[in-house]
Amino acid sequence: MSNDLDIWRSLPARQQPSWPDQEELAAAFAELSALPPLVTAPEVRSLTDRLAMVARGEAFLLQGGDCAETFAANTADKIRDKVKTLLQMAVALTYGASTPVVKVARIAGQYAKPRSADIEASTGLPSYRGDAVNDITPNAQARRPNPKRMVDAYHQSAVALNLVRAFATGGFADLHKVHEWNKAFVRDSAAGRRYELMAVDIERALAFMAACGIDPDRTAALTGVEMFTSHEGLLMEYERALTRTEESTGEVYDLSAHMIWIGERTRDLDGAHVDFLSRVGNPIGCKIGPTATPDEVVALTERLNPDHIPGRLTLIARMGAKRVRDALPPIIDKVNAAGHPVVWSCDPMHGNTRDVGGVKTRHFDDVLDEVFGFFEVHKGLGTHPGGLHIELTGENVTECLGGAEMIGEADLGGRYETACDPRLNTGQALELAFLVAESLQQARVERDTHTH
Ligand SMILES: O=C[C@H](O)[C@H](O)COP(=O)(O)O
Ligand SMILES: C=C(OP(=O)(O)O)C(=O)O
Ligand SMILES: [Mn+2]
């Protein structure tokens with residue numbers, strides 16, 4: 001790990017806001033640089049350890065949350081409901097697939113967005129680039145990139161993180177409360193009912209353990225969870241300002257979140273993002289879209305994880321349902337042949353976006369198709385389908401089509417609240433988790449039958 005943390009300044013950096021005032025930018029950078037880190041180096045290292053288990057096929061990664069968090073939606077209720085949804089999905093996966101689940105939320109920092117267009121076609125205004133940059137309100141003043149918003153994003157992240165930590169370890173995530181995570185509006189759905197049945201089984205298992213003399217009330221793994229944070233490392237000034245050197249080890253970490261990922265639009269080998277993130281010690285994700293070639297991915301892997309550290313790099317494939325079965329295998333083959341211990345994760349959202357009457361949406365069937373394609377590919381190659389990367393909410397939104405509630409095009413207007421991409425609602429997210437758990441269980445049984 002090198003200390004050349006500012007080399008990125010001499011490299012092309014895509015998707016940066018056109019900050020109109022350099023003095024404002026310098027002031028925000030100085031302010032952020034002096035603020036305490038949001039997470040700590042030992043926490044970041046323990047996420048690398050957990051992800052190393054995933055890389056070895058011993059655990060599954062569940063990463064999810066909003067496409068774009070907003071300051072307005074950073075409320076106690078919404079944070080709690082997102083955490084509940086992740087806990088429900090995680091328990092469905094852990095129980096259904098008998099696999100430890102590493103929980104990484106897209107939360108407490110997911111405030112910057114890359115966009116396809118600088119200018120929004122419908123208004124002629126600069127595009128909304130996330131609350132850390134500008135305001136979604138469609139007027140010229142609101143859309144002006146304002147570096148002070150990065151400082152606001154830091155404080156909003158601190159508030160969210162405080163609650164996430166409290167929910168994870170303060171009793172709320174206790175497995176004895178498994179019923180309480182099922183929200184009223186989900187309870188009557190097919191996935192909600194399935195969840196209730198599983199929750200009854202889990203309660204019985206806890207009672208059984210207690211009867212055997214194991215005290216579930218005193219077992220940390222049952223009374224709390226580890227919940228890590230993540231966001232796209234997009235805004236170079238923000239990520240640089242929150243990067244710190246650990247005194248005791250001299251190691252460098254981006255302490256704005258535990259895991260940082262590089263987006264599909266900023267993963268150029270010779271660009272600022274790859275250079276900068278290759279120099280911090282965090283677990284790094286990198287999105288891989290359908291245009292990525294096997295050679296490119298190997299080169300990226302080499303840059304981002306030259307020491308072949310298991311858990312350091314997660315490759316997040318977002319190929320689209322139609323492409324995953326043919327585009328992913330040659331990439332996996334080449335990365336494996338180069339001996340890289342990566343986590344293979346599947347983002348079944350970003351390759352399946354479609355436009356319905358000017359509204360961005362995704363169909364649950366396409367999401368499922370891509371996830372199943374991802375599992376088929378790994379089954380064919382004998383590799384571990386390591387994780388899932390999802391855009392979701394803890395609410396009953398109507399942003400993605402389909403699912404058991406059969407949300408139709410006419411329903412999209414009901415609760416379409418996202419600031420950027422369409423998210424699965426809680427019912428759809430839970431349904432997906434149950435289906436993934438079945439696939440994982442099946443993969444496991446097949447592997448065990450082969451090895452016995
Ligand atoms: O979240 C991902 C991207 O920011 C998003 O898909 C880009 O959306 P756009 O094509 O509307 O700019
Ligand atoms: C921008 C995103 O995805 P991608 O970089 O894969 O398009 C995202 O995860 O919101
Ligand atoms: Mn998105």
# chains A, B, ... in the order shown; residues from 1 in each chain; ligands from 1
>>> residues_around(residues="Ala112 (chain A)", least_positions_apart="6", cutoff="7 Å", atoms="only C-alpha atoms", output="ChimeraX atom specification")
/A:129-133,234-235
>>> residues_near_ligand(ligand="ligand 3", cutoff="9 Å", atoms="only C-alpha atoms and all ligand atoms", output="PDB file with C-alpha atoms, in the first residue's frame")
ATOM      1  CA  ASP A  66     -31.338   2.785  -1.604  1.00  0.00           C
ATOM      2  CA  CYS A  67     -30.047   3.732  -5.022  1.00  0.00           C
ATOM      3  CA  ALA A  68     -29.701   7.271  -3.657  1.00  0.00           C
ATOM      4  CA  LYS A 113     -24.859   9.544  -8.198  1.00  0.00           C
ATOM      5  CA  PRO A 114     -23.209   9.082 -11.580  1.00  0.00           C
ATOM      6  CA  MET A 349     -30.854  -4.252 -10.890  1.00  0.00           C
ATOM      7  CA  HIS A 350     -28.720  -2.018 -13.105  1.00  0.00           C
ATOM      8  CA  GLU A 391     -31.547  -1.619  -4.474  1.00  0.00           C
ATOM      9  CA  CYS A 420     -32.802   7.906  -8.722  1.00  0.00           C
ATOM     10  CA  ASP A 421     -33.334   4.222  -9.606  1.00  0.00           C
ATOM     11  CA  PRO A 422     -36.381   2.034  -8.850  1.00  0.00           C
ATOM     12  CA  ARG A 423     -35.999  -0.082  -5.687  1.00  0.00           C
TER      13      ARG A 423
END
>>> select_by_dssp(residues="region 256-427 of chain A", states="alpha helix (DSSP H)", output="number ranges by chain")
A: 272-277, 294-304, 324-337, 364-381, 426-427
>>> write_last_selection(atoms="C-alpha atoms", output="PDB file, in the first residue's frame")
ATOM      1  CA  ALA A 272      -8.800   8.630 -10.799  1.00  0.00           C
ATOM      2  CA  HIS A 273     -11.200   6.254  -9.020  1.00  0.00           C
ATOM      3  CA  VAL A 274      -9.266   3.057  -9.647  1.00  0.00           C
ATOM      4  CA  ASP A 275      -5.956   4.697  -8.775  1.00  0.00           C
ATOM      5  CA  PHE A 276      -7.216   6.196  -5.525  1.00  0.00           C
ATOM      6  CA  LEU A 277      -9.122   3.160  -4.299  1.00  0.00           C
ATOM      7  CA  PRO A 294     -12.217 -10.615 -19.470  1.00  0.00           C
ATOM      8  CA  ASP A 295      -8.825  -8.962 -20.039  1.00  0.00           C
ATOM      9  CA  GLU A 296     -10.089  -5.663 -18.665  1.00  0.00           C
ATOM     10  CA  VAL A 297     -11.483  -7.336 -15.557  1.00  0.00           C
ATOM     11  CA  VAL A 298      -8.252  -9.217 -14.923  1.00  0.00           C
ATOM     12  CA  ALA A 299      -6.311  -5.967 -15.279  1.00  0.00           C
ATOM     13  CA  LEU A 300      -8.691  -4.239 -12.853  1.00  0.00           C
ATOM     14  CA  THR A 301      -8.368  -7.118 -10.411  1.00  0.00           C
ATOM     15  CA  GLU A 302      -4.592  -6.931 -10.665  1.00  0.00           C
ATOM     16  CA  ARG A 303      -4.678  -3.168  -9.968  1.00  0.00           C
ATOM     17  CA  LEU A 304      -7.153  -3.370  -7.116  1.00  0.00           C
ATOM     18  CA  VAL A 324     -25.414 -12.709 -17.807  1.00  0.00           C
ATOM     19  CA  ARG A 325     -25.291 -16.294 -19.106  1.00  0.00           C
ATOM     20  CA  ASP A 326     -22.914 -15.518 -21.967  1.00  0.00           C
ATOM     21  CA  ALA A 327     -20.961 -12.485 -20.712  1.00  0.00           C
ATOM     22  CA  LEU A 328     -20.050 -13.670 -17.210  1.00  0.00           C
ATOM     23  CA  PRO A 329     -18.429 -17.135 -17.737  1.00  0.00           C
ATOM     24  CA  PRO A 330     -15.390 -15.963 -19.771  1.00  0.00           C
ATOM     25  CA  ILE A 331     -14.745 -13.271 -17.145  1.00  0.00           C
ATOM     26  CA  ILE A 332     -14.899 -15.726 -14.246  1.00  0.00           C
ATOM     27  CA  ASP A 333     -12.679 -18.168 -16.152  1.00  0.00           C
ATOM     28  CA  LYS A 334      -9.992 -15.599 -16.793  1.00  0.00           C
ATOM     29  CA  VAL A 335     -10.003 -14.154 -13.271  1.00  0.00           C
ATOM     30  CA  ASN A 336      -9.802 -17.659 -11.816  1.00  0.00           C
ATOM     31  CA  ALA A 337      -7.029 -18.665 -14.177  1.00  0.00           C
ATOM     32  CA  PHE A 364     -39.088  -8.510 -10.825  1.00  0.00           C
ATOM     33  CA  ASP A 365     -38.994 -11.350 -13.394  1.00  0.00           C
ATOM     34  CA  ASP A 366     -35.890  -9.833 -15.036  1.00  0.00           C
ATOM     35  CA  VAL A 367     -34.248  -9.381 -11.642  1.00  0.00           C
ATOM     36  CA  LEU A 368     -34.946 -13.039 -10.841  1.00  0.00           C
ATOM     37  CA  ASP A 369     -33.837 -14.183 -14.270  1.00  0.00           C
ATOM     38  CA  GLU A 370     -30.476 -12.473 -13.837  1.00  0.00           C
ATOM     39  CA  VAL A 371     -30.005 -13.924 -10.347  1.00  0.00           C
ATOM     40  CA  PHE A 372     -30.842 -17.425 -11.599  1.00  0.00           C
ATOM     41  CA  GLY A 373     -28.518 -16.895 -14.566  1.00  0.00           C
ATOM     42  CA  PHE A 374     -25.766 -15.908 -12.137  1.00  0.00           C
ATOM     43  CA  PHE A 375     -26.351 -19.111 -10.136  1.00  0.00           C
ATOM     44  CA  GLU A 376     -26.381 -21.245 -13.313  1.00  0.00           C
ATOM     45  CA  VAL A 377     -23.083 -19.749 -14.457  1.00  0.00           C
ATOM     46  CA  HIS A 378     -21.402 -20.477 -11.124  1.00  0.00           C
ATOM     47  CA  LYS A 379     -22.849 -23.970 -11.027  1.00  0.00           C
ATOM     48  CA  GLY A 380     -21.436 -24.612 -14.508  1.00  0.00           C
ATOM     49  CA  LEU A 381     -17.975 -23.421 -13.490  1.00  0.00           C
ATOM     50  CA  THR A 426     -39.930  -5.019   1.168  1.00  0.00           C
ATOM     51  CA  GLY A 427     -42.227  -7.778  -0.113  1.00  0.00           C
TER      52      GLY A 427
END
>>> residues_near_ligand(ligand="ligand 1", cutoff="12 Å", atoms="only C-alpha atoms and all ligand atoms", output="PyMOL selection string")
chain A and resi 15+65-69+106+110-122+126-130+231-232+234+262-266+287+318+347+349-355+358-362+390-391+418-423
>>> closest_residue(among="A:Ala321, A:Met150, A:Met198, A:Val397", to="Gly414 (chain A)", atoms="only C-alpha atoms")
A:Val397
>>> closest_residue(among="A:Lys78, A:His340, A:His389, A:Arg444", to="ligand 2", atoms="only C-alpha atoms and all ligand atoms")
A:His389
>>> residues_around(residues="Arg149 (chain A)", least_positions_apart="3", cutoff="9 Å", atoms="only C-alpha atoms", output="ChimeraX atom specification")
/A:28,131-134,145-146,152-154
>>> write_last_selection(atoms="N, CA and C atoms", output="mmCIF file, in the first residue's frame")
data_model
loop_
_atom_site.group_PDB
_atom_site.id
_atom_site.type_symbol
_atom_site.label_atom_id
_atom_site.label_comp_id
_atom_site.auth_asym_id
_atom_site.auth_seq_id
_atom_site.Cartn_x
_atom_site.Cartn_y
_atom_site.Cartn_z
ATOM 1 N N ALA A 28 -14.770 23.119 1.891
ATOM 2 C CA ALA A 28 -15.473 21.884 2.270
ATOM 3 C C ALA A 28 -14.458 20.760 2.493
ATOM 4 N N ASP A 131 -27.686 13.952 -3.118
ATOM 5 C CA ASP A 131 -27.810 15.041 -2.143
ATOM 6 C C ASP A 131 -26.460 15.603 -1.697
ATOM 7 N N ALA A 132 -25.376 14.852 -1.897
ATOM 8 C CA ALA A 132 -24.061 15.389 -1.530
ATOM 9 C C ALA A 132 -23.576 16.423 -2.540
ATOM 10 N N VAL A 133 -24.328 16.563 -3.644
ATOM 11 C CA VAL A 133 -23.890 17.485 -4.710
ATOM 12 C C VAL A 133 -24.888 18.611 -4.933
ATOM 13 N N ASN A 134 -26.141 18.236 -5.231
ATOM 14 C CA ASN A 134 -27.154 19.264 -5.498
ATOM 15 C C ASN A 134 -28.515 18.788 -5.022
ATOM 16 N N PRO A 145 -24.212 22.619 -8.235
ATOM 17 C CA PRO A 145 -23.409 21.803 -7.314
ATOM 18 C C PRO A 145 -22.838 22.666 -6.183
ATOM 19 N N ASN A 146 -23.056 22.235 -4.958
ATOM 20 C CA ASN A 146 -22.639 23.017 -3.797
ATOM 21 C C ASN A 146 -21.780 22.142 -2.871
ATOM 22 N N ASP A 152 -22.672 18.361 4.674
ATOM 23 C CA ASP A 152 -23.988 17.930 5.162
ATOM 24 C C ASP A 152 -24.132 16.412 5.038
ATOM 25 N N ALA A 153 -23.639 15.860 3.914
ATOM 26 C CA ALA A 153 -23.751 14.412 3.701
ATOM 27 C C ALA A 153 -22.988 13.655 4.792
ATOM 28 N N TYR A 154 -21.835 14.193 5.166
ATOM 29 C CA TYR A 154 -21.062 13.576 6.260
ATOM 30 C C TYR A 154 -21.902 13.530 7.545
#
>>> residues_around(residues="region 34-44 of chain A", least_positions_apart="6", cutoff="7 Å", atoms="only C-alpha atoms", output="ChimeraX atom specification")
/A:158,242,253,255-258,282
>>> closest_residue(among="A:Phe172, A:Trp181, A:Tyr195, A:Trp261", to="ligand 2", atoms="only C-alpha atoms and all ligand atoms")
A:Trp261
>>> select_by_dssp(residues="region 35-266 of chain A", states="strand (DSSP E or B)", output="ChimeraX atom specification")
/A:60-65,101-107,119,126,227-232,243-245,252-254,259-262
>>> residues_around(residues="Leu161 (chain A)", least_positions_apart="5", cutoff="9 Å", atoms="only C-alpha atoms", output="list in words")
Leu38, Val39, Ile107, Ala108, Gly109, Gln156, Ala166 and Thr229 of chain A
>>> residues_around(residues="Ala433 (chain A)", least_positions_apart="6", cutoff="7 Å", atoms="only C-alpha atoms", output="list of chain:residue names")
A:Met89, A:Ala92, A:Leu93
>>> residues_around(residues="region 173-175 of chain A", least_positions_apart="2", cutoff="8 Å", atoms="only C-alpha atoms", output="list in words")
Leu87, Phe167, Ala168, Thr169, Gly170, Gly171, Lys177, Val178, Leu222, Thr223, Gly224 and Val225 of chain A
>>> write_last_selection(atoms="C-alpha atoms", output="PDB file, in the first residue's frame")
ATOM      1  CA  LEU A  87     -32.402  -8.422   8.722  1.00  0.00           C
ATOM      2  CA  PHE A 167     -30.202  -1.266  15.846  1.00  0.00           C
ATOM      3  CA  ALA A 168     -27.509  -3.857  15.151  1.00  0.00           C
ATOM      4  CA  THR A 169     -26.326  -4.335  18.697  1.00  0.00           C
ATOM      5  CA  GLY A 170     -28.845  -2.668  21.006  1.00  0.00           C
ATOM      6  CA  GLY A 171     -31.413  -5.485  21.189  1.00  0.00           C
ATOM      7  CA  LYS A 177     -37.391 -10.451  17.862  1.00  0.00           C
ATOM      8  CA  VAL A 178     -37.531 -12.183  14.489  1.00  0.00           C
ATOM      9  CA  LEU A 222     -27.944 -14.407  18.454  1.00  0.00           C
ATOM     10  CA  THR A 223     -28.625 -11.169  20.298  1.00  0.00           C
ATOM     11  CA  GLY A 224     -27.036  -8.785  17.772  1.00  0.00           C
ATOM     12  CA  VAL A 225     -25.684  -8.652  14.249  1.00  0.00           C
TER      13      VAL A 225
END
>>> closest_residue(among="A:Ser345, A:Ala30, A:Glu438, A:Cys286", to="ligand 2", atoms="only C-alpha atoms and all ligand atoms")
A:Cys286
>>> closest_residue(among="A:Ala220, A:Leu269, A:Asp254, A:Glu203", to="Ala241 (chain A)", atoms="only C-alpha atoms")
A:Asp254
>>> closest_residue(among="A:Gly192, A:Pro283, A:Gly289, A:Pro20", to="ligand 2", atoms="only C-alpha atoms and all ligand atoms")
A:Gly289
